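For reference, run-v5.pdb (PDB, C-alpha atoms and all ligand atoms):
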ATOM      1  CA  MET A   1       0.000   0.000   0.000
ATOM      2  CA  LEU A   2       2.768   2.410   1.027
ATOM      3  CA  ALA A   3       4.778   1.650  -2.120
ATOM      4  CA  GLY A   4       1.840   2.072  -4.497
ATOM      5  CA  LYS A   5      -0.407   4.734  -3.024
ATOM      6  CA  ASP A   6       1.482   7.459  -1.175
ATOM      7  CA  PRO A   7       4.194   8.204  -3.777
ATOM      8  CA  ILE A   8       1.561   8.720  -6.476
ATOM      9  CA  ALA A   9      -0.553  11.075  -4.356
ATOM     10  CA  ILE A  10       2.533  12.966  -3.189
ATOM     11  CA  SER A  11       3.973  13.322  -6.702
ATOM     12  CA  MET A  12       0.614  14.496  -8.018
ATOM     13  CA  CYS A  13       0.358  17.098  -5.286
ATOM     14  CA  TRP A  14       3.831  18.541  -5.986
ATOM     15  CA  PHE A  15       3.120  18.395  -9.718
ATOM     16  CA  ILE A  16       0.014  20.564  -9.342
ATOM     17  CA  TYR A  17       2.049  22.944  -7.176
ATOM     18  CA  MET A  18       4.819  23.174  -9.804
ATOM     19  CA  LEU A  19       2.271  23.775 -12.567
ATOM     20  CA  CYS A  20       0.689  26.580 -10.546
ATOM     21  CA  LYS A  21       4.104  28.178 -10.016
ATOM     22  CA  HIS A  22       4.863  27.769 -13.742
ATOM     23  CA  PRO A  23       1.659  28.562 -15.646
ATOM     24  CA  GLU A  24       3.488  28.465 -18.981
ATOM     25  CA  VAL A  25       4.378  24.810 -18.313
ATOM     26  CA  GLN A  26       0.786  24.127 -17.255
ATOM     27  CA  GLU A  27      -0.420  25.480 -20.603
ATOM     28  CA  LYS A  28       2.151  23.516 -22.578
ATOM     29  CA  VAL A  29       1.210  20.294 -20.799
ATOM     30  CA  ALA A  30      -2.491  20.962 -21.411
ATOM     31  CA  LYS A  31      -1.895  21.745 -25.092
ATOM     32  CA  GLU A  32      -0.028  18.474 -25.546
ATOM     33  CA  ILE A  33      -2.818  16.526 -23.813
ATOM     34  CA  ILE A  34      -5.504  18.159 -25.930
ATOM     35  CA  GLU A  35      -3.570  17.428 -29.131
ATOM     36  CA  ALA A  36      -2.645  13.854 -28.151
ATOM     37  CA  THR A  37      -6.275  12.992 -27.341
ATOM     38  CA  ASN A  38      -7.703  14.865 -30.351
ATOM     39  CA  MET A  39     -10.018  16.651 -27.983
ATOM     40  CA  THR A  40     -12.617  18.616 -29.918
ATOM     41  CA  GLU A  41     -15.242  21.160 -28.998
ATOM     42  CA  GLU A  42     -17.950  18.490 -29.210
ATOM     43  CA  ILE A  43     -16.640  16.603 -26.176
ATOM     44  CA  THR A  44     -18.575  17.977 -23.267
ATOM     45  CA  ASP A  45     -18.375  15.054 -20.880
ATOM     46  CA  VAL A  46     -15.277  14.269 -18.833
ATOM     47  CA  ALA A  47     -15.973  10.514 -19.126
ATOM     48  CA  ASP A  48     -15.911  10.787 -22.947
ATOM     49  CA  PHE A  49     -12.618  12.605 -22.683
ATOM     50  CA  ALA A  50     -11.157  10.023 -20.271
ATOM     51  CA  ALA A  51     -12.035   7.289 -22.783
ATOM     52  CA  ARG A  52      -9.701   8.998 -25.255
ATOM     53  CA  VAL A  53      -6.715   8.718 -22.948
ATOM     54  CA  SER A  54      -5.450   5.616 -24.745
ATOM     55  CA  ASP A  55      -1.970   4.052 -24.648
ATOM     56  CA  THR A  56      -1.235   5.720 -27.982
ATOM     57  CA  ALA A  57      -2.268   9.103 -26.604
ATOM     58  CA  LEU A  58      -0.199   8.582 -23.436
ATOM     59  CA  ASP A  59       2.854   7.680 -25.526
ATOM     60  CA  LYS A  60       2.521  11.000 -27.344
ATOM     61  CA  MET A  61       2.651  12.931 -24.059
ATOM     62  CA  GLN A  62       6.414  13.342 -23.904
ATOM     63  CA  TYR A  63       6.363  16.827 -22.419
ATOM     64  CA  LEU A  64       3.982  15.668 -19.669
ATOM     65  CA  HIS A  65       6.360  12.786 -18.947
ATOM     66  CA  ALA A  66       9.230  15.280 -18.722
ATOM     67  CA  ALA A  67       7.294  17.658 -16.451
ATOM     68  CA  LEU A  68       6.358  14.809 -14.099
ATOM     69  CA  THR A  69       9.964  13.623 -13.982
ATOM     70  CA  GLU A  70      11.199  17.135 -13.293
ATOM     71  CA  THR A  71       8.742  17.322 -10.394
ATOM     72  CA  ILE A  72       9.944  13.992  -9.019
ATOM     73  CA  ARG A  73      13.566  15.146  -9.355
ATOM     74  CA  LEU A  74      12.884  18.161  -7.126
ATOM     75  CA  TYR A  75      10.295  16.502  -4.876
ATOM     76  CA  PRO A  76      11.081  12.770  -4.717
ATOM     77  CA  ALA A  77       8.342  10.967  -2.807
ATOM     78  CA  LEU A  78      11.060   9.068  -0.914
ATOM     79  CA  PRO A  79      13.486  11.889  -0.014
ATOM     80  CA  VAL A  80      15.861   9.703   2.034
ATOM     81  CA  ASP A  81      16.438   5.994   1.535
ATOM     82  CA  PRO A  82      18.373   4.350   4.387
ATOM     83  CA  LYS A  83      20.098   0.938   4.276
ATOM     84  CA  VAL A  84      21.650  -1.231   6.987
ATOM     85  CA  CYS A  85      25.033  -2.855   6.276
ATOM     86  CA  PHE A  86      24.918  -6.659   6.541
ATOM     87  CA  SER A  87      28.708  -6.871   6.878
ATOM     88  CA  ASP A  88      31.822  -4.716   7.049
ATOM     89  CA  ASP A  89      32.498  -3.189   3.655
ATOM     90  CA  VAL A  90      34.348  -0.450   1.794
ATOM     91  CA  LEU A  91      32.363   1.962  -0.363
ATOM     92  CA  PRO A  92      33.665   2.859  -3.855
ATOM     93  CA  ASP A  93      35.062   6.149  -2.540
ATOM     94  CA  GLY A  94      37.153   4.270   0.049
ATOM     95  CA  CYS A  95      34.871   4.999   3.010
ATOM     96  CA  ASN A  96      34.724   2.107   5.511
ATOM     97  CA  VAL A  97      31.354   0.925   6.800
ATOM     98  CA  ASN A  98      30.794  -1.593   9.551
ATOM     99  CA  LYS A  99      28.189  -4.292   9.985
ATOM    100  CA  GLY A 100      25.022  -2.675  11.432
ATOM    101  CA  ASP A 101      25.878   0.834  10.220
ATOM    102  CA  VAL A 102      23.040   2.784   8.624
ATOM    103  CA  VAL A 103      23.923   4.363   5.293
ATOM    104  CA  ALA A 104      21.449   6.520   3.387
ATOM    105  CA  TYR A 105      21.381   8.019  -0.073
ATOM    106  CA  LEU A 106      19.301  11.174  -0.472
ATOM    107  CA  PRO A 107      17.294  11.512  -3.697
ATOM    108  CA  TYR A 108      16.091  14.927  -2.459
ATOM    109  CA  ALA A 109      19.608  16.330  -2.073
ATOM    110  CA  MET A 110      20.951  14.558  -5.170
ATOM    111  CA  GLY A 111      18.099  15.951  -7.266
ATOM    112  CA  ARG A 112      19.203  19.486  -6.374
ATOM    113  CA  MET A 113      22.981  19.189  -6.633
ATOM    114  CA  LYS A 114      24.535  21.559  -9.152
ATOM    115  CA  PHE A 115      27.463  19.280  -9.890
ATOM    116  CA  ILE A 116      24.977  16.600 -10.966
ATOM    117  CA  TRP A 117      22.330  18.695 -12.769
ATOM    118  CA  GLY A 118      24.163  21.890 -13.670
ATOM    119  CA  ASP A 119      23.853  25.477 -12.477
ATOM    120  CA  ASP A 120      20.103  25.469 -13.121
ATOM    121  CA  ALA A 121      19.609  22.483 -10.779
ATOM    122  CA  LEU A 122      17.085  24.341  -8.629
ATOM    123  CA  GLU A 123      14.986  25.487 -11.581
ATOM    124  CA  PHE A 124      11.903  23.620 -12.778
ATOM    125  CA  LYS A 125      12.749  22.884 -16.415
ATOM    126  CA  PRO A 126      10.951  19.947 -18.039
ATOM    127  CA  GLU A 127      12.982  20.636 -21.187
ATOM    128  CA  ARG A 128      16.097  19.186 -19.587
ATOM    129  CA  TRP A 129      14.498  15.745 -20.065
ATOM    130  CA  LEU A 130      13.762  16.163 -23.776
ATOM    131  CA  ASP A 131      16.044  15.413 -26.689
ATOM    132  CA  GLN A 132      16.278  17.490 -29.854
ATOM    133  CA  TYR A 133      13.136  15.802 -31.234
ATOM    134  CA  GLY A 134      11.084  16.584 -28.154
ATOM    135  CA  CYS A 135      11.202  12.961 -26.976
ATOM    136  CA  PHE A 136      11.713  12.103 -23.311
ATOM    137  CA  HIS A 137      15.294  11.095 -22.586
ATOM    138  CA  GLN A 138      15.794   8.868 -19.527
ATOM    139  CA  GLU A 139      18.778   9.613 -17.282
ATOM    140  CA  SER A 140      20.822   6.922 -15.553
ATOM    141  CA  PRO A 141      19.060   5.772 -12.343
ATOM    142  CA  PHE A 142      22.388   6.395 -10.570
ATOM    143  CA  LYS A 143      21.965  10.087 -11.470
ATOM    144  CA  PHE A 144      18.170  10.355 -11.122
ATOM    145  CA  THR A 145      17.831   8.277  -7.961
ATOM    146  CA  ALA A 146      14.175   8.907  -7.028
ATOM    147  CA  PHE A 147      13.266   5.305  -7.962
ATOM    148  CA  GLN A 148      16.527   3.869  -6.603
ATOM    149  CA  ALA A 149      19.010   2.062  -8.869
ATOM    150  CA  GLY A 150      20.377  -1.456  -9.185
ATOM    151  CA  PRO A 151      18.633  -4.772  -8.509
ATOM    152  CA  ARG A 152      16.182  -3.344  -5.925
ATOM    153  CA  THR A 153      14.971  -0.478  -8.098
ATOM    154  CA  CYS A 154      11.295   0.494  -7.820
ATOM    155  CA  LEU A 155       9.159  -2.223  -9.389
ATOM    156  CA  GLY A 156       6.262   0.158  -9.891
ATOM    157  CA  ARG A 157       7.989   2.934 -11.813
ATOM    158  CA  ASP A 158       6.273   2.371 -15.156
ATOM    159  CA  PHE A 159       2.969   1.791 -13.412
ATOM    160  CA  ALA A 160       3.495   5.028 -11.452
ATOM    161  CA  TYR A 161       4.104   7.026 -14.629
ATOM    162  CA  ARG A 162       1.066   5.490 -16.251
ATOM    163  CA  GLN A 163      -1.172   6.403 -13.334
ATOM    164  CA  LEU A 164       0.290   9.906 -13.065
ATOM    165  CA  LYS A 165      -0.115  10.507 -16.803
ATOM    166  CA  ILE A 166      -3.705   9.248 -16.927
ATOM    167  CA  PHE A 167      -4.673  11.312 -13.900
ATOM    168  CA  SER A 168      -2.853  14.407 -15.176
ATOM    169  CA  SER A 169      -4.434  14.081 -18.618
ATOM    170  CA  VAL A 170      -7.952  14.144 -17.286
ATOM    171  CA  LEU A 171      -7.240  16.936 -14.796
ATOM    172  CA  LEU A 172      -5.238  19.209 -17.063
ATOM    173  CA  GLY A 173      -7.194  18.520 -20.219
ATOM    174  CA  TRP A 174     -10.260  19.890 -18.461
ATOM    175  CA  PHE A 175      -9.182  22.210 -15.721
ATOM    176  CA  VAL A 176      -6.852  25.110 -14.970
ATOM    177  CA  PHE A 177      -5.225  25.179 -11.534
ATOM    178  CA  LYS A 178      -4.261  28.261  -9.601
ATOM    179  CA  LEU A 179      -2.887  28.509  -6.055
ATOM    180  CA  SER A 180      -5.356  30.062  -3.658
ATOM    181  CA  ASN A 181      -2.457  31.908  -2.032
ATOM    182  CA  GLU A 182       0.474  32.628  -4.358
ATOM    183  CA  ASN A 183       2.694  33.752  -1.486
ATOM    184  CA  LYS A 184       2.302  30.684   0.680
ATOM    185  CA  VAL A 185       5.248  28.291   0.336
ATOM    186  CA  PRO A 186       4.208  24.728   1.189
ATOM    187  CA  GLN A 187       6.144  23.205   4.077
ATOM    188  CA  TYR A 188       7.348  19.614   4.248
ATOM    189  CA  ARG A 189       5.808  17.174   6.665
ATOM    190  CA  THR A 190       8.681  15.139   8.059
ATOM    191  CA  SER A 191       8.016  11.459   7.451
ATOM    192  CA  ILE A 192       9.347   8.601   5.363
ATOM    193  CA  ASN A 193       7.616  10.359   2.428
ATOM    194  CA  LEU A 194       7.831  13.966   1.261
ATOM    195  CA  HIS A 195       4.287  15.101   2.033
ATOM    196  CA  VAL A 196       3.049  18.651   1.719
ATOM    197  CA  ASP A 197       2.276  19.708   5.271
ATOM    198  CA  GLY A 198      -1.448  20.397   5.343
ATOM    199  CA  PRO A 199      -3.660  20.759   2.290
ATOM    200  CA  LEU A 200      -2.451  22.386  -0.925
ATOM    201  CA  GLN A 201      -5.275  24.791  -1.564
ATOM    202  CA  VAL A 202      -5.971  25.628  -5.199
ATOM    203  CA  TYR A 203      -8.675  27.194  -7.325
ATOM    204  CA  VAL A 204      -9.851  24.898 -10.095
ATOM    205  CA  PHE A 205     -11.540  26.281 -13.223
ATOM    206  CA  HIS A 206     -12.918  24.694 -16.339
ATOM    207  CA  ARG A 207     -10.343  25.118 -19.077
ATOM    208  CA  SER A 208     -12.702  26.138 -21.863
ATOM    209  CA  GLY A 209     -12.533  29.874 -22.383
ATOM    210  CA  PHE A 210      -9.223  30.413 -20.585
ATOM    211  CA  GLN A 211      -6.928  32.311 -22.911
ATOM    212  CA  ASN A 212      -4.037  33.774 -20.999
ATOM    213  CA  PRO A 213      -3.351  32.225 -17.610
ATOM    214  CA  SER A 214      -0.278  34.359 -16.991
ATOM    215  CA  THR A 215      -2.459  37.451 -16.589
ATOM    216  CA  TYR A 216      -4.864  35.719 -14.247
ATOM    217  CA  ASN A 217      -4.803  36.391 -10.549
ATOM    218  CA  CYS A 218      -7.253  35.731  -7.767
ATOM    219  CA  GLU A 219      -8.318  39.340  -7.409
ATOM    220  CA  THR A 220      -9.259  39.605 -11.082
ATOM    221  CA  ARG A 221     -10.744  36.177 -11.558
ATOM    222  CA  SER A 222     -14.090  37.641 -12.551
ATOM    223  CA  VAL A 223     -12.271  38.691 -15.741
ATOM    224  CA  TRP A 224     -11.469  35.093 -16.360
ATOM    225  CA  VAL A 225     -14.551  33.243 -15.299
ATOM    226  CA  ASN A 226     -16.924  33.967 -18.121
ATOM    227  CA  PRO A 227     -20.583  32.914 -17.904
ATOM    228  CA  ASN A 228     -19.838  29.660 -19.725
ATOM    229  CA  GLN A 229     -17.234  28.605 -17.194
ATOM    230  CA  LYS A 230     -18.150  26.833 -14.042
ATOM    231  CA  LYS A 231     -16.116  27.664 -10.988
ATOM    232  CA  ILE A 232     -15.601  24.622  -8.778
TER     233      ILE A 232
HETATM  234  C1  LIG A 301       6.418   8.389  -8.019
HETATM  235  C2  LIG A 301       6.157   7.200  -7.514
HETATM  236  C3  LIG A 301       7.169   6.273  -6.867
HETATM  237  C4  LIG A 301       8.424   6.535  -6.376
HETATM  238  C5  LIG A 301       9.172   7.879  -6.343
HETATM  239  C6  LIG A 301       8.934   5.284  -5.877
HETATM  240  C7  LIG A 301      10.201   5.111  -5.311
HETATM  241  C8  LIG A 301      10.705   3.899  -4.851
HETATM  242  C9  LIG A 301      11.995   3.722  -4.207
HETATM  243  C10 LIG A 301      13.003   4.842  -3.927
HETATM  244  C11 LIG A 301      12.130   2.422  -3.912
HETATM  245  C12 LIG A 301      13.320   1.760  -3.216
HETATM  246  C13 LIG A 301      13.023   1.568  -1.734
HETATM  247  C14 LIG A 301      14.106   0.745  -1.090
HETATM  248  O1  LIG A 301      14.141  -0.480  -1.247
HETATM  249  O2  LIG A 301      14.959   1.296  -0.407
HETATM  250  C15 LIG A 301      10.925   1.754  -4.354
HETATM  251  C16 LIG A 301      10.705   0.393  -4.235
HETATM  252  C17 LIG A 301       9.553  -0.228  -4.626
HETATM  253  N1  LIG A 301       8.469   0.335  -5.235
HETATM  254 FE1  LIG A 301       8.278   2.292  -5.738
HETATM  255  N2  LIG A 301       7.993   4.292  -6.072
HETATM  256  C18 LIG A 301       6.901   4.868  -6.681
HETATM  257  C19 LIG A 301       5.739   4.220  -7.041
HETATM  258  C20 LIG A 301       5.504   2.882  -6.905
HETATM  259  C21 LIG A 301       4.273   2.206  -7.287
HETATM  260  C22 LIG A 301       3.060   2.903  -7.910
HETATM  261  C23 LIG A 301       4.433   0.904  -6.979
HETATM  262  C24 LIG A 301       3.489  -0.256  -7.137
HETATM  263  C25 LIG A 301       2.499  -0.301  -7.952
HETATM  264  C26 LIG A 301       5.744   0.737  -6.424
HETATM  265  C27 LIG A 301       6.281  -0.458  -6.000
HETATM  266  C28 LIG A 301       7.526  -0.623  -5.434
HETATM  267  C29 LIG A 301       8.033  -1.894  -4.932
HETATM  268  C30 LIG A 301       7.302  -3.238  -4.954
HETATM  269  C31 LIG A 301       9.319  -1.653  -4.424
HETATM  270  C32 LIG A 301      10.284  -2.655  -3.780
HETATM  271  C33 LIG A 301      11.244  -3.186  -4.824
HETATM  272  C34 LIG A 301      12.258  -4.139  -4.194
HETATM  273  O3  LIG A 301      12.609  -3.974  -3.035
HETATM  274  O4  LIG A 301      12.721  -5.043  -4.894
HETATM  275  N3  LIG A 301       6.365   1.963  -6.389
HETATM  276  N4  LIG A 301      10.077   2.678  -4.920
END

Here is the file; what I need is its structure written in the form of structure tokens.
Amino acid sequence: MLAGKDPIAISMCWFIYMLCKHPEVQEKVAKEIIEATNMTEEITDVADFAARVSDTALDKMQYLHAALTETIRLYPALPVDPKVCFSDDVLPDGCNVNKGDVVAYLPYAMGRMKFIWGDDALEFKPERWLDQYGCFHQESPFKFTAFQAGPRTCLGRDFAYRQLKIFSSVLLGWFVFKLSNENKVPQYRTSINLHVDGPLQVYVFHRSGFQNPSTYNCETRSVWVNPNQKKI
């Protein structure tokens, strides 16, 4: 349960937060989803739209895949992964460890290290995961460690991406997300997983009719919410 449920919910939560902080990425993701699913004006029911989220459509969503991965790089659901040494050993860098010692690798810290990711390590840039053709380019799991590497790597990684992409497609194909308080920085809840402490409060609007999210703010939302849009 812990392996399958929490990391998905946590990643989704940070993904929505990142998209709110980067509305241009939110729009690009939504555009890709709408194109990949051939969404037309005639589709008025979310269930009809969800039925279009096929394997072929999901495969086309390379930018979404990159944006999710960039979120997981900065906010890995398992921020620290400790291990216990079964016997005395020497690590590749020459460091001695003794039987019973606890050694941890830190996907959270590694995902933000400039010597691993470059000077823009702290920036949210889905493009870093795309090749020249706009296709997602996987990094070595020893560099992108959020799913661990080696023989005990996460067994659910592909399943996790599939769930995240399906869920994101339906949400972002239909809705626009906006933080209810732009100035509030979410805090971490200390646990085995990297939870947002408390709820992440957002406004959710039907996408149809939204033209320029970058000019939208909470005070002027009446400009945005036209009579055809339902506010949720
Ligand atoms: C974004 C989502 C996820 C992340 C970041 C993640 C991350 C990880 C990490 C870091 C480990 C290694 C833990 C360790 O042994 O020290 C792991 C193991 C594992 N994960 Fe995931 N996971 C995710 C989603 C899932 C899902 C959805 C499933 C199941 C459907 C799953 C199933 C497993 C299993 C079975 C293992 C144990 C593998 C083994 O020990 O051989 N994970 N995961």

Taking all listed atoms of segment 130-135 of chain A, build the axis-aligned box, pad each of the six sides by 3 Å, then write its centre and edge lengths in Å to one decimal as JSON.
{"center_x": 13.7, "center_y": 15.2, "center_z": -27.5, "size_x": 11.2, "size_y": 10.5, "size_z": 13.5}

Q | Selection result for the PyMOL selection byres (((not hetatm)) within 6 of (chain A and resi 301)) on this file, as a ChimeraX atom specification | A | /A:3-4,7-8,11,76-78,81,146-148,152-157,159-160

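With distances taken over all atoms listed in the file, A:Ala36 is the one residue among A:Ala36, A:Met18, A:Val196, A:Leu74 lying closest to Asp55 of chain A.
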
Q: Taking the file above as input, evaluate the PyMOL selection byres (((chain A and resi 50) around 12) and not hetatm) and report the hits as a list in words.
A: Ile33, Ile34, Thr37, Asn38, Met39, Ile43, Thr44, Asp45, Val46, Ala47, Asp48, Phe49, Ala51, Arg52, Val53, Ser54, Asp55, Ala57, Leu58, Lys165, Ile166, Phe167, Ser168, Ser169, Val170, Leu171, Leu172, Gly173 and Trp174 of chain A

Q: Between A:Ser87, A:Thr56, A:Asn98, A:Gln62, single out the one closest to Cys135 of chain A, counting only C-alpha atoms.
A: A:Gln62

Q: Identify which of the residues A:Lys178, A:Lys5, A:His137, A:Arg73 lies closest to His22 of chain A, counting only C-alpha atoms when measuring atom-to-atom distances.
A: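 Once distances to His22 of chain A are computed over only C-alpha atoms, the minimum belongs to A:Lys178.
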
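For Glu139 of chain A, the set of protein, DNA and RNA residues having any atom at most 12 Å away, when counting only C-alpha atoms and skipping those fewer than 3 positions along the same chain, is Ala66, Thr69, Glu70, Arg73, Gly111, Ile116, Trp117, Arg128, Trp129, Leu130, Asp131, Phe136, Phe142, Lys143, Phe144, Thr145, Ala146, Phe147 and Ala149 of chain A.
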
Q) Hey, what comes out of the PyMOL selection byres (((chain A and resi 85) around 9) and not hetatm) on this file? Could you write it as a ChimeraX atom specification? A) /A:83-84,86-89,97-103

Q. With distances taken over only C-alpha atoms, which of A:Leu64, A:Val80, A:Ile72, A:Val202 is nearest to Ile16 of chain A?
A.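 Of A:Leu64, A:Val80, A:Ile72, A:Val202, the one nearest Ile16 of chain A, counting only C-alpha atoms, is A:Val202.
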
**Q.** Selected residue of minimal separation from Tyr203 of chain A among A:Phe15, A:Ala9, A:Leu68, A:Cys20, counting only C-alpha atoms
**A.** A:Cys20
